[in-house]
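Structure file upload-v3.cif (mmCIF, C-alpha atoms and all ligand atoms; chains and numbers go by the auth columns) is printed below.
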data_query
#
loop_
_atom_site.group_PDB
_atom_site.id
_atom_site.type_symbol
_atom_site.label_atom_id
_atom_site.label_comp_id
_atom_site.label_asym_id
_atom_site.label_seq_id
_atom_site.Cartn_x
_atom_site.Cartn_y
_atom_site.Cartn_z
_atom_site.B_iso_or_equiv
_atom_site.auth_seq_id
_atom_site.auth_asym_id
ATOM 1 C CA MET A 1 64.321 150.341 16.965 0.00 550 A
ATOM 2 C CA LEU A 2 66.355 152.218 14.393 0.00 551 A
ATOM 3 C CA ILE A 3 70.123 152.185 14.966 0.00 552 A
ATOM 4 C CA LEU A 4 72.368 154.711 13.252 0.00 553 A
ATOM 5 C CA ASP A 5 75.844 153.793 12.048 0.00 554 A
ATOM 6 C CA GLU A 6 78.876 155.632 13.467 0.00 555 A
ATOM 7 C CA ARG A 7 78.876 158.230 10.687 0.00 556 A
ATOM 8 C CA LEU A 8 75.264 159.290 11.122 0.00 557 A
ATOM 9 C CA SER A 9 75.568 158.955 14.932 0.00 558 A
ATOM 10 C CA LEU A 10 78.359 161.511 14.912 0.00 559 A
ATOM 11 C CA CYS A 11 76.231 163.847 12.757 0.00 560 A
ATOM 12 C CA ALA A 12 73.310 163.337 15.169 0.00 561 A
ATOM 13 C CA SER A 13 75.498 164.163 18.168 0.00 562 A
ATOM 14 C CA TYR A 14 76.104 167.664 16.743 0.00 563 A
ATOM 15 C CA VAL A 15 72.411 168.464 16.317 0.00 564 A
ATOM 16 C CA ARG A 16 71.179 170.872 18.969 0.00 565 A
ATOM 17 C CA GLU A 17 68.500 169.762 21.413 0.00 566 A
ATOM 18 C CA SER A 18 64.918 170.646 20.311 0.00 567 A
ATOM 19 C CA THR A 19 66.086 172.243 17.073 0.00 568 A
ATOM 20 C CA ALA A 20 64.329 172.580 13.718 0.00 569 A
ATOM 21 C CA LEU A 21 66.387 170.404 11.395 0.00 570 A
ATOM 22 C CA ALA A 22 66.954 170.183 7.655 0.00 571 A
ATOM 23 C CA ASP A 23 68.551 166.991 6.387 0.00 572 A
ATOM 24 C CA VAL A 24 69.710 167.740 2.850 0.00 573 A
ATOM 25 C CA GLY A 25 70.101 164.693 0.597 0.00 574 A
ATOM 26 C CA THR A 26 68.233 162.634 3.165 0.00 575 A
ATOM 27 C CA ASP A 27 67.745 159.461 1.052 0.00 576 A
ATOM 28 C CA HIS A 28 66.425 156.942 3.650 0.00 577 A
ATOM 29 C CA ALA A 29 65.795 159.735 6.217 0.00 578 A
ATOM 30 C CA TYR A 30 67.405 157.631 8.959 0.00 579 A
ATOM 31 C CA LEU A 31 68.919 160.678 10.631 0.00 580 A
ATOM 32 C CA PRO A 32 65.756 162.788 11.078 0.00 581 A
ATOM 33 C CA VAL A 33 63.694 159.675 11.872 0.00 582 A
ATOM 34 C CA TRP A 34 66.158 158.625 14.602 0.00 583 A
ATOM 35 C CA LEU A 35 66.269 162.146 16.038 0.00 584 A
ATOM 36 C CA ALA A 36 62.459 162.328 16.059 0.00 585 A
ATOM 37 C CA LEU A 37 62.109 158.877 17.681 0.00 586 A
ATOM 38 C CA ASN A 38 64.558 159.935 20.368 0.00 587 A
ATOM 39 C CA LYS A 39 62.695 163.227 20.927 0.00 588 A
ATOM 40 C CA ARG A 40 65.803 165.232 20.113 0.00 589 A
ATOM 41 C CA ILE A 41 64.225 167.652 17.602 0.00 590 A
ATOM 42 C CA ARG A 42 61.012 169.634 17.384 0.00 591 A
ATOM 43 C CA SER A 43 60.699 169.385 13.583 0.00 592 A
ATOM 44 C CA ALA A 44 62.586 168.241 10.507 0.00 593 A
ATOM 45 C CA VAL A 45 62.544 168.757 6.781 0.00 594 A
ATOM 46 C CA ALA A 46 63.981 165.735 4.998 0.00 595 A
ATOM 47 C CA SER A 47 64.913 166.905 1.512 0.00 596 A
ATOM 48 C CA ASP A 48 66.260 165.214 -1.563 0.00 597 A
ATOM 49 C CA VAL A 49 66.704 166.219 -5.182 0.00 598 A
ATOM 50 C CA ARG A 50 65.436 162.845 -6.471 0.00 599 A
ATOM 51 C CA LYS A 51 61.982 161.296 -6.157 0.00 600 A
ATOM 52 C CA GLY A 52 63.304 157.743 -5.571 0.00 601 A
ATOM 53 C CA PRO A 53 65.230 158.548 -2.378 0.00 602 A
ATOM 54 C CA LEU A 54 62.412 160.790 -1.202 0.00 603 A
ATOM 55 C CA GLY A 55 60.071 157.792 -1.586 0.00 604 A
ATOM 56 C CA ASN A 56 62.428 155.780 0.685 0.00 605 A
ATOM 57 C CA ALA A 57 62.317 158.619 3.187 0.00 606 A
ATOM 58 C CA GLU A 58 58.509 158.732 3.130 0.00 607 A
ATOM 59 C CA LYS A 59 58.261 154.958 3.694 0.00 608 A
ATOM 60 C CA ASN A 60 60.582 155.124 6.712 0.00 609 A
ATOM 61 C CA ILE A 61 58.853 158.174 8.188 0.00 610 A
ATOM 62 C CA LYS A 62 55.540 156.321 7.964 0.00 611 A
ATOM 63 C CA PHE A 63 56.964 153.020 9.231 0.00 612 A
ATOM 64 C CA TYR A 64 58.403 154.659 12.339 0.00 613 A
ATOM 65 C CA GLY A 65 55.327 156.855 12.865 0.00 614 A
ATOM 66 C CA VAL A 66 57.127 160.203 12.978 0.00 615 A
ATOM 67 C CA GLY A 67 55.154 161.988 10.231 0.00 616 A
ATOM 68 C CA ASP A 68 54.012 164.650 12.716 0.00 617 A
ATOM 69 C CA ILE A 69 57.649 165.744 13.163 0.00 618 A
ATOM 70 C CA VAL A 70 59.444 164.881 9.904 0.00 619 A
ATOM 71 C CA LYS A 71 58.152 166.134 6.559 0.00 620 A
ATOM 72 C CA THR A 72 59.701 165.603 3.135 0.00 621 A
ATOM 73 C CA VAL A 73 60.397 168.041 0.333 0.00 622 A
ATOM 74 C CA LEU A 74 61.738 167.584 -3.186 0.00 623 A
ATOM 75 C CA SER A 75 64.500 170.152 -3.368 0.00 624 A
ATOM 76 C CA ASP A 76 67.807 170.803 -5.044 0.00 625 A
ATOM 77 C CA GLY A 77 69.971 171.622 -2.038 0.00 626 A
ATOM 78 C CA LEU A 78 68.033 174.030 0.165 0.00 627 A
ATOM 79 C CA ASP A 79 66.313 175.784 -2.766 0.00 628 A
ATOM 80 C CA SER A 80 62.837 174.744 -1.562 0.00 629 A
ATOM 81 C CA VAL A 81 63.513 174.973 2.186 0.00 630 A
ATOM 82 C CA SER A 82 62.849 178.267 3.941 0.00 631 A
ATOM 83 C CA PRO A 83 65.057 179.700 6.710 0.00 632 A
ATOM 84 C CA ASP A 84 62.315 179.456 9.347 0.00 633 A
ATOM 85 C CA GLU A 85 62.076 175.705 8.761 0.00 634 A
ATOM 86 C CA ALA A 86 65.655 174.935 9.838 0.00 635 A
ATOM 87 C CA ASP A 87 68.184 176.111 12.401 0.00 636 A
ATOM 88 C CA ASP A 88 70.452 173.055 12.188 0.00 637 A
ATOM 89 C CA ILE A 89 71.301 171.855 8.697 0.00 638 A
ATOM 90 C CA VAL A 90 72.884 168.474 8.018 0.00 639 A
ATOM 91 C CA ILE A 91 74.455 167.812 4.618 0.00 640 A
ATOM 92 C CA ALA A 92 75.940 164.332 4.778 0.00 641 A
ATOM 93 C CA GLY A 93 77.066 161.652 2.363 0.00 642 A
ATOM 94 C CA MET A 94 77.866 163.959 -0.575 0.00 643 A
ATOM 95 C CA GLY A 95 81.067 165.168 -2.198 0.00 644 A
ATOM 96 C CA GLY A 96 82.754 168.262 -0.730 0.00 645 A
ATOM 97 C CA GLU A 97 82.284 170.246 -3.941 0.00 646 A
ATOM 98 C CA LEU A 98 78.548 169.564 -4.041 0.00 647 A
ATOM 99 C CA ILE A 99 78.255 170.584 -0.374 0.00 648 A
ATOM 100 C CA VAL A 100 80.087 173.840 -1.222 0.00 649 A
ATOM 101 C CA SER A 101 77.700 174.586 -4.099 0.00 650 A
ATOM 102 C CA ILE A 102 74.657 173.958 -1.877 0.00 651 A
ATOM 103 C CA ILE A 103 75.961 176.263 0.880 0.00 652 A
ATOM 104 C CA ASP A 104 77.161 178.946 -1.517 0.00 653 A
ATOM 105 C CA ARG A 105 73.776 179.512 -3.136 0.00 654 A
ATOM 106 C CA THR A 106 71.811 179.521 0.124 0.00 655 A
ATOM 107 C CA ALA A 107 72.109 183.088 1.428 0.00 656 A
ATOM 108 C CA TRP A 108 70.232 182.351 4.655 0.00 657 A
ATOM 109 C CA LEU A 109 72.965 179.976 5.853 0.00 658 A
ATOM 110 C CA PHE A 110 75.220 183.011 6.263 0.00 659 A
ATOM 111 C CA ASP A 111 73.694 183.672 9.671 0.00 660 A
ATOM 112 C CA LYS A 112 75.384 183.182 13.052 0.00 661 A
ATOM 113 C CA ASP A 113 72.343 181.387 14.471 0.00 662 A
ATOM 114 C CA LYS A 114 72.357 178.586 11.911 0.00 663 A
ATOM 115 C CA ARG A 115 74.442 175.498 12.594 0.00 664 A
ATOM 116 C CA LEU A 116 75.863 173.451 9.725 0.00 665 A
ATOM 117 C CA ILE A 117 76.768 169.806 10.175 0.00 666 A
ATOM 118 C CA LEU A 118 78.726 168.626 7.175 0.00 667 A
ATOM 119 C CA GLN A 119 80.002 165.188 6.302 0.00 668 A
ATOM 120 C CA PRO A 120 81.855 165.136 2.982 0.00 669 A
ATOM 121 C CA MET A 121 82.588 161.798 1.295 0.00 670 A
ATOM 122 C CA THR A 122 85.345 163.306 -0.870 0.00 671 A
ATOM 123 C CA ARG A 123 87.203 166.618 -1.238 0.00 672 A
ATOM 124 C CA SER A 124 86.902 167.561 2.424 0.00 673 A
ATOM 125 C CA ASN A 125 89.875 169.908 1.869 0.00 674 A
ATOM 126 C CA THR A 126 87.891 171.854 -0.766 0.00 675 A
ATOM 127 C CA LEU A 127 84.985 172.168 1.658 0.00 676 A
ATOM 128 C CA ARG A 128 87.183 173.329 4.571 0.00 677 A
ATOM 129 C CA LYS A 129 88.964 175.883 2.373 0.00 678 A
ATOM 130 C CA TYR A 130 85.591 177.275 1.300 0.00 679 A
ATOM 131 C CA LEU A 131 84.404 177.497 4.913 0.00 680 A
ATOM 132 C CA TYR A 132 87.560 179.327 6.053 0.00 681 A
ATOM 133 C CA GLU A 133 87.471 181.763 3.129 0.00 682 A
ATOM 134 C CA ASN A 134 83.765 182.512 3.371 0.00 683 A
ATOM 135 C CA GLY A 135 83.334 183.416 7.009 0.00 684 A
ATOM 136 C CA PHE A 136 82.435 180.092 8.605 0.00 685 A
ATOM 137 C CA VAL A 137 84.123 179.024 11.822 0.00 686 A
ATOM 138 C CA THR A 138 84.352 175.392 12.871 0.00 687 A
ATOM 139 C CA ASP A 139 83.031 174.618 16.342 0.00 688 A
ATOM 140 C CA LYS A 140 84.016 170.965 16.285 0.00 689 A
ATOM 141 C CA GLU A 141 85.376 168.348 13.942 0.00 690 A
ATOM 142 C CA GLU A 142 85.759 164.660 14.724 0.00 691 A
ATOM 143 C CA ALA A 143 86.522 161.481 12.820 0.00 692 A
ATOM 144 C CA CYS A 144 84.567 158.245 12.826 0.00 693 A
ATOM 145 C CA VAL A 145 84.793 154.871 11.119 0.00 694 A
ATOM 146 C CA SER A 146 81.779 153.250 9.481 0.00 695 A
ATOM 147 C CA GLY A 147 82.356 149.904 7.815 0.00 696 A
ATOM 148 C CA VAL A 148 85.898 150.044 6.507 0.00 697 A
ATOM 149 C CA LYS A 149 86.021 153.784 5.821 0.00 698 A
ATOM 150 C CA ALA A 150 86.995 156.763 7.939 0.00 699 A
ATOM 151 C CA TYR A 151 85.018 159.991 7.741 0.00 700 A
ATOM 152 C CA SER A 152 85.166 163.400 9.287 0.00 701 A
ATOM 153 C CA VAL A 153 82.174 165.440 10.433 0.00 702 A
ATOM 154 C CA ILE A 154 82.426 169.226 10.619 0.00 703 A
ATOM 155 C CA CYS A 155 80.153 171.318 12.828 0.00 704 A
ATOM 156 C CA CYS A 156 80.355 175.028 11.990 0.00 705 A
ATOM 157 C CA HIS A 157 78.526 178.354 11.867 0.00 706 A
ATOM 158 C CA TYR A 158 78.901 181.689 10.099 0.00 707 A
ATOM 159 C CA ASP A 159 80.760 184.429 11.980 0.00 708 A
ATOM 160 C CA GLY A 160 81.636 186.578 8.952 0.00 709 A
ATOM 161 C CA ILE A 161 85.408 186.458 9.540 0.00 710 A
ATOM 162 C CA VAL A 162 87.310 185.534 6.401 0.00 711 A
ATOM 163 C CA ARG A 163 90.338 183.347 7.118 0.00 712 A
ATOM 164 C CA LYS A 164 93.166 182.122 4.953 0.00 713 A
ATOM 165 C CA PRO A 165 93.734 178.462 5.808 0.00 714 A
ATOM 166 C CA THR A 166 97.154 176.860 5.946 0.00 715 A
ATOM 167 C CA LEU A 167 97.650 173.582 4.105 0.00 716 A
ATOM 168 C CA GLU A 168 97.283 171.767 7.435 0.00 717 A
ATOM 169 C CA GLU A 169 93.988 173.536 8.130 0.00 718 A
ATOM 170 C CA GLU A 170 92.685 172.605 4.675 0.00 719 A
ATOM 171 C CA TYR A 171 93.397 168.927 5.234 0.00 720 A
ATOM 172 C CA LEU A 172 92.850 168.571 8.955 0.00 721 A
ATOM 173 C CA GLY A 173 90.672 171.534 9.834 0.00 722 A
ATOM 174 C CA SER A 174 89.825 171.492 13.513 0.00 723 A
ATOM 175 C CA LEU A 175 90.155 167.733 13.746 0.00 724 A
ATOM 176 C CA ALA A 176 91.731 167.062 17.117 0.00 725 A
ATOM 177 C CA LEU A 177 94.486 164.458 16.696 0.00 726 A
ATOM 178 C CA ARG A 178 93.076 162.334 19.489 0.00 727 A
ATOM 179 C CA ASN A 179 94.526 159.011 20.414 0.00 728 A
ATOM 180 C CA ASP A 180 91.580 156.954 19.197 0.00 729 A
ATOM 181 C CA ALA A 181 91.118 154.416 16.410 0.00 730 A
ATOM 182 C CA PRO A 182 88.847 156.511 14.127 0.00 731 A
ATOM 183 C CA THR A 183 91.191 159.520 14.189 0.00 732 A
ATOM 184 C CA ARG A 184 94.196 157.296 13.602 0.00 733 A
ATOM 185 C CA LYS A 185 92.514 155.620 10.633 0.00 734 A
ATOM 186 C CA TYR A 186 91.447 158.970 9.174 0.00 735 A
ATOM 187 C CA ALA A 187 95.013 160.310 9.600 0.00 736 A
ATOM 188 C CA SER A 188 96.535 157.212 8.050 0.00 737 A
ATOM 189 C CA VAL A 189 94.325 157.357 4.918 0.00 738 A
ATOM 190 C CA LEU A 190 94.906 161.107 4.622 0.00 739 A
ATOM 191 C CA CYS A 191 98.667 160.655 4.963 0.00 740 A
ATOM 192 C CA ALA A 192 98.754 158.142 2.086 0.00 741 A
ATOM 193 C CA LYS A 193 96.681 160.520 -0.036 0.00 742 A
ATOM 194 C CA LEU A 194 99.000 163.451 0.699 0.00 743 A
ATOM 195 C CA LYS A 195 102.046 161.377 -0.235 0.00 744 A
ATOM 196 C CA ASN A 196 100.423 160.799 -3.619 0.00 745 A
ATOM 197 C CA ILE A 197 99.536 164.457 -4.102 0.00 746 A
ATOM 198 C CA ARG A 198 103.087 165.494 -3.143 0.00 747 A
ATOM 199 C CA LYS A 199 104.451 163.429 -6.075 0.00 748 A
ATOM 200 C CA GLY A 200 102.987 166.078 -8.389 0.00 749 A
ATOM 201 C CA VAL A 201 104.592 168.992 -6.539 0.00 750 A
ATOM 202 C CA TYR A 202 107.946 170.547 -7.492 0.00 751 A
ATOM 203 C CA GLU A 203 110.472 169.293 -4.912 0.00 752 A
ATOM 204 C CA SER A 204 112.217 172.535 -4.104 0.00 753 A
ATOM 205 C CA SER A 205 108.988 174.515 -3.721 0.00 754 A
ATOM 206 C CA GLU A 206 107.554 175.947 -0.516 0.00 755 A
ATOM 207 C CA LEU A 207 104.418 173.874 -1.120 0.00 756 A
ATOM 208 C CA TYR A 208 106.458 170.653 -1.179 0.00 757 A
ATOM 209 C CA SER A 209 107.925 171.494 2.248 0.00 758 A
ATOM 210 C CA GLU A 210 104.445 172.234 3.564 0.00 759 A
ATOM 211 C CA TYR A 211 103.207 168.835 2.369 0.00 760 A
ATOM 212 C CA THR A 212 106.282 167.174 3.882 0.00 761 A
ATOM 213 C CA LYS A 213 105.717 168.860 7.257 0.00 762 A
ATOM 214 C CA LEU A 214 102.103 167.720 7.335 0.00 763 A
ATOM 215 C CA ILE A 215 102.975 164.185 6.180 0.00 764 A
ATOM 216 C CA GLU A 216 105.609 163.889 8.930 0.00 765 A
ATOM 217 C CA LYS A 217 103.158 165.101 11.549 0.00 766 A
ATOM 218 C CA LEU A 218 100.578 162.527 10.428 0.00 767 A
ATOM 219 C CA ASP A 219 103.155 159.739 10.169 0.00 768 A
ATOM 220 C CA ASP A 220 104.349 160.461 13.734 0.00 769 A
ATOM 221 C CA PHE A 221 100.794 160.513 15.004 0.00 770 A
ATOM 222 C CA VAL A 222 99.894 157.218 13.306 0.00 771 A
ATOM 223 C CA ASP A 223 103.153 155.525 14.419 0.00 772 A
ATOM 224 C CA ALA A 224 102.676 156.636 18.030 0.00 773 A
ATOM 225 C CA GLY A 225 99.421 154.608 18.132 0.00 774 A
ATOM 226 C CA GLY A 226 101.122 151.282 17.458 0.00 775 A
ATOM 227 C CA ASN A 227 98.549 148.494 17.477 0.00 776 A
ATOM 228 C CA GLU A 228 96.152 150.412 19.660 0.00 777 A
ATOM 229 C CA LYS A 229 92.480 150.020 18.759 0.00 778 A
HETATM 230 C C1 LIG B . 74.762 158.891 -0.488 0.00 801 A
HETATM 231 S S1 LIG B . 73.196 159.602 -0.179 0.00 801 A
HETATM 232 C C2 LIG B . 73.407 160.173 1.483 0.00 801 A
HETATM 233 C C3 LIG B . 72.213 159.899 2.321 0.00 801 A
HETATM 234 C C4 LIG B . 72.316 160.409 3.752 0.00 801 A
HETATM 235 N N1 LIG B . 72.420 161.846 3.803 0.00 801 A
HETATM 236 C C5 LIG B . 73.525 159.791 4.430 0.00 801 A
HETATM 237 O O1 LIG B . 74.486 160.503 4.688 0.00 801 A
HETATM 238 O O2 LIG B . 73.475 158.588 4.716 0.00 801 A
HETATM 239 C C6 LIG B . 73.232 161.122 -1.090 0.00 801 A
HETATM 240 C C7 LIG B . 71.833 161.675 -1.328 0.00 801 A
HETATM 241 O O3 LIG B . 71.968 163.041 -1.731 0.00 801 A
HETATM 242 C C8 LIG B . 71.011 163.309 -2.735 0.00 801 A
HETATM 243 N N2 LIG B . 71.443 164.504 -3.465 0.00 801 A
HETATM 244 C C9 LIG B . 72.429 164.595 -4.389 0.00 801 A
HETATM 245 N N3 LIG B . 72.536 165.860 -4.839 0.00 801 A
HETATM 246 C C10 LIG B . 71.613 166.580 -4.162 0.00 801 A
HETATM 247 C C11 LIG B . 71.215 167.947 -4.203 0.00 801 A
HETATM 248 N N4 LIG B . 71.791 168.826 -5.028 0.00 801 A
HETATM 249 N N5 LIG B . 70.227 168.352 -3.371 0.00 801 A
HETATM 250 C C12 LIG B . 69.605 167.458 -2.553 0.00 801 A
HETATM 251 N N6 LIG B . 69.923 166.166 -2.497 0.00 801 A
HETATM 252 C C13 LIG B . 70.919 165.723 -3.282 0.00 801 A
HETATM 253 C C14 LIG B . 70.954 162.029 -3.542 0.00 801 A
HETATM 254 O O4 LIG B . 69.751 161.923 -4.282 0.00 801 A
HETATM 255 C C15 LIG B . 71.086 160.964 -2.438 0.00 801 A
HETATM 256 O O5 LIG B . 69.827 160.549 -1.977 0.00 801 A
#
With the file now loaded, output its structure as structure tokens.
Amino acid sequence: MLILDERLSLCASYVRESTALADVGTDHAYLPVWLALNKRIRSAVASDVRKGPLGNAEKNIKFYGVGDIVKTVLSDGLDSVSPDEADDIVIAGMGGELIVSIIDRTAWLFDKDKRLILQPMTRSNTLRKYLYENGFVTDKEEACVSGVKAYSVICCHYDGIVRKPTLEEEYLGSLALRNDAPTRKYASVLCAKLKNIRKGVYESSELYSEYTKLIEKLDDFVDAGGNEK
């Protein structure tokens, strides 16, 4: 039986029951294969821009016998996926800027009925800022730890309302500061990163104070956890 790691499990938990799924940058196709095996989706398009990863996907789809539900397509982003093939779209394991470019050129994602499940490996602040400023609202965001790294998964949809995010919203989004180990780890790594970024900011500026406020909030949150797991 296929077992997903924490990162892909969290993505899977945001996929709606019986949906038509697109998994962009699928590589091994573990996510759509797992969802198909567990009868959680009615169909899936597993897409990748490279033939090598798509070959891995095809092998796994065949091995697990889910070819009637999961099909593959060679596609840059969603360029070769049509809107009627996917209601829930997962874009996981890519940089935030690449995720932005994929969303931005796919007009049919700007639709309140489509759900986006996004898991950036880097630049999650750039991705969140784009979502706020381009009419996407976050329904849920949670952190997870896979291996030694902490990740955040964003579940959102288009509602057409343009928002101007605060610095805190750019870096934390809708991530609930819950008293659990993954959130604490995510906050701790983020806090260290923000301390580094702040070094390049003019000390008497408004921006510096905003960074300081956010760093203090994260420090307090991390300290309050003590040795909790
Ligand atoms: C690190 S893997 C992530 C695999 C899987 N989504 C996960 O999260 O475990 C990134 C995959 O994205 C693919 N990729 C990169 N740029 C892409 C693009 N513009 N469109 C589609 N796939 C892309 C790569 O070929 C690679 O297979």
**OP:** Name the residues captured by the PyMOL selection byres (((chain A and resi 614-622) around 12) and not hetatm) when it is applied to the shown file; answer as a ChimeraX atom specification.
**Re:** /A:550,567-600,602-613,623-631,634-635
Subject >> Within 12 Å of region 735-745 of chain A using only C-alpha atoms, minus same-chain residues under 3 positions, as a VMD selection string >> reply: chain A and resid 671 to 674 691 to 695 697 to 702 716 to 717 719 to 721 724 to 732 748 to 750 756 to 774
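What separates CA of Arg565 (chain A) from CA of Asp662 (chain A) is a distance of 11.5 Å.
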**OP:** Would you list the contacts of Asp554 (chain A) as a ChimeraX atom specification, taking every protein, DNA or RNA residue within 9 Å and counting all atoms listed in the file, but skipping same-chain residues closer than 3 positions in sequence?
**Re:** /A:557-559,695-696
**OP:** Could you give me, as a PyMOL selection string, the residues that sit within 6 Å of (79.2, 173.7, 14.4) in the file's coordinates, counting all atoms listed in the file?
**Re:** chain A and resi 664-665+687-689+704-706
